[in-house]
Amino acid sequence: VSDSELNTKNRSASMYPNPTSDYVMLKISDHALDNLSYNLIDINGKAISNGSITNGDTQSNMQQLEMGMYILKVKQNNQELKMVKIIKR
């Protein structure tokens with residue numbers, strides 16, 4: 001599990017805020033990063049939510065989730081690029 005930025009040449013993909021209480025934003029500004037999706041899972045591996053990531057900002061709602069640690073996986077063409085630990089408070 002790593003920091004909240006993808007390792008691209010321009011480092012133009014980030015996730016914030018972390019820790020969070022309401023939502024997490026996925027900010028993508030590198031047009032080379034296309035066909036992106038995310039999976040949000042709890043610490044036990046249970047799928048919570050998933051969706052497509054677009055250039056710009058994509059929001060994943062965490063308001064209804066219990067406090068704790070979650071894992072956000074970012075994928076490109078179904079291949080995992082990044083896994084980030086998110087703290088819900």
# chains A, B, ... in the order shown; residues from 1 in each chain; ligands from 1
call {"tool": "residues_around", "arguments": {"residues": "Asn39 in chain A", "least_positions_apart": "2", "cutoff": "6 Å", "atoms": "only C-alpha atoms", "output": "ChimeraX atom specification"}}
result
/A:49-50,72-73
call {"tool": "closest_residue", "arguments": {"among": "A:Asn44, A:Gly56, A:Pro19, A:Ala32", "to": "Lys85 in chain A", "atoms": "only C-alpha atoms"}}
result
A:Pro19
call {"tool": "residues_around", "arguments": {"residues": "Lys75 in chain A", "least_positions_apart": "2", "cutoff": "7 Å", "atoms": "only C-alpha atoms", "output": "PDB file with N, CA, C and O atoms, in the first residue's frame"}}
result
ATOM      1  N   LEU A  36      -9.436   4.128 -16.973  1.00  0.00           N
ATOM      2  CA  LEU A  36      -9.176   3.898 -15.555  1.00  0.00           C
ATOM      3  C   LEU A  36     -10.461   3.552 -14.823  1.00  0.00           C
ATOM      4  O   LEU A  36     -11.539   4.044 -15.150  1.00  0.00           O
ATOM      5  N   SER A  37     -10.314   2.718 -13.806  1.00  0.00           N
ATOM      6  CA  SER A  37     -11.438   2.394 -12.932  1.00  0.00           C
ATOM      7  C   SER A  37     -10.904   2.257 -11.511  1.00  0.00           C
ATOM      8  O   SER A  37      -9.690   2.199 -11.289  1.00  0.00           O
ATOM      9  N   TYR A  38     -11.827   2.223 -10.543  1.00  0.00           N
ATOM     10  CA  TYR A  38     -11.412   2.048  -9.151  1.00  0.00           C
ATOM     11  C   TYR A  38     -12.310   1.026  -8.479  1.00  0.00           C
ATOM     12  O   TYR A  38     -13.449   0.811  -8.884  1.00  0.00           O
ATOM     13  N   LYS A  73      -8.261   0.651  -4.951  1.00  0.00           N
ATOM     14  CA  LYS A  73      -7.423   0.113  -6.019  1.00  0.00           C
ATOM     15  C   LYS A  73      -7.756   0.846  -7.309  1.00  0.00           C
ATOM     16  O   LYS A  73      -8.920   0.935  -7.687  1.00  0.00           O
ATOM     17  N   ASN A  77      -7.384  -0.655 -17.742  1.00  0.00           N
ATOM     18  CA  ASN A  77      -7.681  -1.836 -18.558  1.00  0.00           C
ATOM     19  C   ASN A  77      -7.626  -3.116 -17.712  1.00  0.00           C
ATOM     20  O   ASN A  77      -7.028  -4.114 -18.102  1.00  0.00           O
ATOM     21  N   ASN A  78      -8.230  -3.053 -16.525  1.00  0.00           N
ATOM     22  CA  ASN A  78      -8.309  -4.171 -15.580  1.00  0.00           C
ATOM     23  C   ASN A  78      -6.966  -4.622 -15.019  1.00  0.00           C
ATOM     24  O   ASN A  78      -6.864  -5.683 -14.428  1.00  0.00           O
ATOM     25  N   GLN A  79      -5.927  -3.825 -15.187  1.00  0.00           N
ATOM     26  CA  GLN A  79      -4.627  -4.131 -14.597  1.00  0.00           C
ATOM     27  C   GLN A  79      -4.369  -3.124 -13.479  1.00  0.00           C
ATOM     28  O   GLN A  79      -4.456  -1.914 -13.690  1.00  0.00           O
ATOM     29  N   GLU A  80      -4.061  -3.627 -12.282  1.00  0.00           N
ATOM     30  CA  GLU A  80      -3.896  -2.757 -11.126  1.00  0.00           C
ATOM     31  C   GLU A  80      -2.673  -1.855 -11.280  1.00  0.00           C
ATOM     32  O   GLU A  80      -1.577  -2.320 -11.548  1.00  0.00           O
ATOM     33  N   LEU A  81      -2.909  -0.532 -11.112  1.00  0.00           N
ATOM     34  CA  LEU A  81      -1.829   0.446 -11.162  1.00  0.00           C
ATOM     35  C   LEU A  81      -1.389   0.867  -9.773  1.00  0.00           C
ATOM     36  O   LEU A  81      -0.219   1.128  -9.544  1.00  0.00           O
TER      37      LEU A  81
END
call {"tool": "residues_around", "arguments": {"residues": "Asn35 in chain A", "least_positions_apart": "3", "cutoff": "8 Å", "atoms": "only C-alpha atoms", "output": "VMD selection string"}}
result
chain A and resid 52 to 53 76 to 77
call {"tool": "write_last_selection", "arguments": {"atoms": "all heavy atoms", "output": "PDB file, in the first residue's frame"}}
result
ATOM      1  N   SER A  52     -15.873   4.098 -12.869  1.00  0.00           N
ATOM      2  CA  SER A  52     -14.919   4.595 -13.858  1.00  0.00           C
ATOM      3  C   SER A  52     -14.312   5.891 -13.366  1.00  0.00           C
ATOM      4  O   SER A  52     -14.960   6.673 -12.673  1.00  0.00           O
ATOM      5  CB  SER A  52     -15.620   4.849 -15.188  1.00  0.00           C
ATOM      6  OG  SER A  52     -16.112   3.641 -15.707  1.00  0.00           O
ATOM      7  N   ILE A  53     -13.066   6.114 -13.746  1.00  0.00           N
ATOM      8  CA  ILE A  53     -12.369   7.358 -13.424  1.00  0.00           C
ATOM      9  C   ILE A  53     -12.212   8.123 -14.721  1.00  0.00           C
ATOM     10  O   ILE A  53     -11.741   7.573 -15.717  1.00  0.00           O
ATOM     11  CB  ILE A  53     -10.988   7.082 -12.803  1.00  0.00           C
ATOM     12  CG1 ILE A  53     -11.131   6.242 -11.540  1.00  0.00           C
ATOM     13  CG2 ILE A  53     -10.264   8.392 -12.508  1.00  0.00           C
ATOM     14  CD1 ILE A  53      -9.809   5.763 -10.965  1.00  0.00           C
ATOM     15  N   GLN A  76      -6.095   0.205 -14.735  1.00  0.00           N
ATOM     16  CA  GLN A  76      -6.162   0.653 -16.122  1.00  0.00           C
ATOM     17  C   GLN A  76      -6.308  -0.594 -16.973  1.00  0.00           C
ATOM     18  O   GLN A  76      -5.458  -1.486 -16.906  1.00  0.00           O
ATOM     19  CB  GLN A  76      -4.909   1.433 -16.516  1.00  0.00           C
ATOM     20  CG  GLN A  76      -4.982   1.991 -17.925  1.00  0.00           C
ATOM     21  CD  GLN A  76      -3.773   2.842 -18.241  1.00  0.00           C
ATOM     22  OE1 GLN A  76      -2.655   2.539 -17.857  1.00  0.00           O
ATOM     23  NE2 GLN A  76      -4.012   3.921 -18.963  1.00  0.00           N
ATOM     24  N   ASN A  77      -7.384  -0.655 -17.742  1.00  0.00           N
ATOM     25  CA  ASN A  77      -7.681  -1.836 -18.558  1.00  0.00           C
ATOM     26  C   ASN A  77      -7.626  -3.116 -17.712  1.00  0.00           C
ATOM     27  O   ASN A  77      -7.028  -4.114 -18.102  1.00  0.00           O
ATOM     28  CB  ASN A  77      -6.720  -1.939 -19.743  1.00  0.00           C
ATOM     29  CG  ASN A  77      -6.836  -0.759 -20.668  1.00  0.00           C
ATOM     30  OD1 ASN A  77      -7.924  -0.266 -20.943  1.00  0.00           O
ATOM     31  ND2 ASN A  77      -5.701  -0.268 -21.143  1.00  0.00           N
TER      32      ASN A  77
END
call {"tool": "residues_around", "arguments": {"residues": "Gln63 in chain A", "least_positions_apart": "3", "cutoff": "7 Å", "atoms": "only C-alpha atoms", "output": "VMD selection string"}}
result
chain A and resid 21 to 23
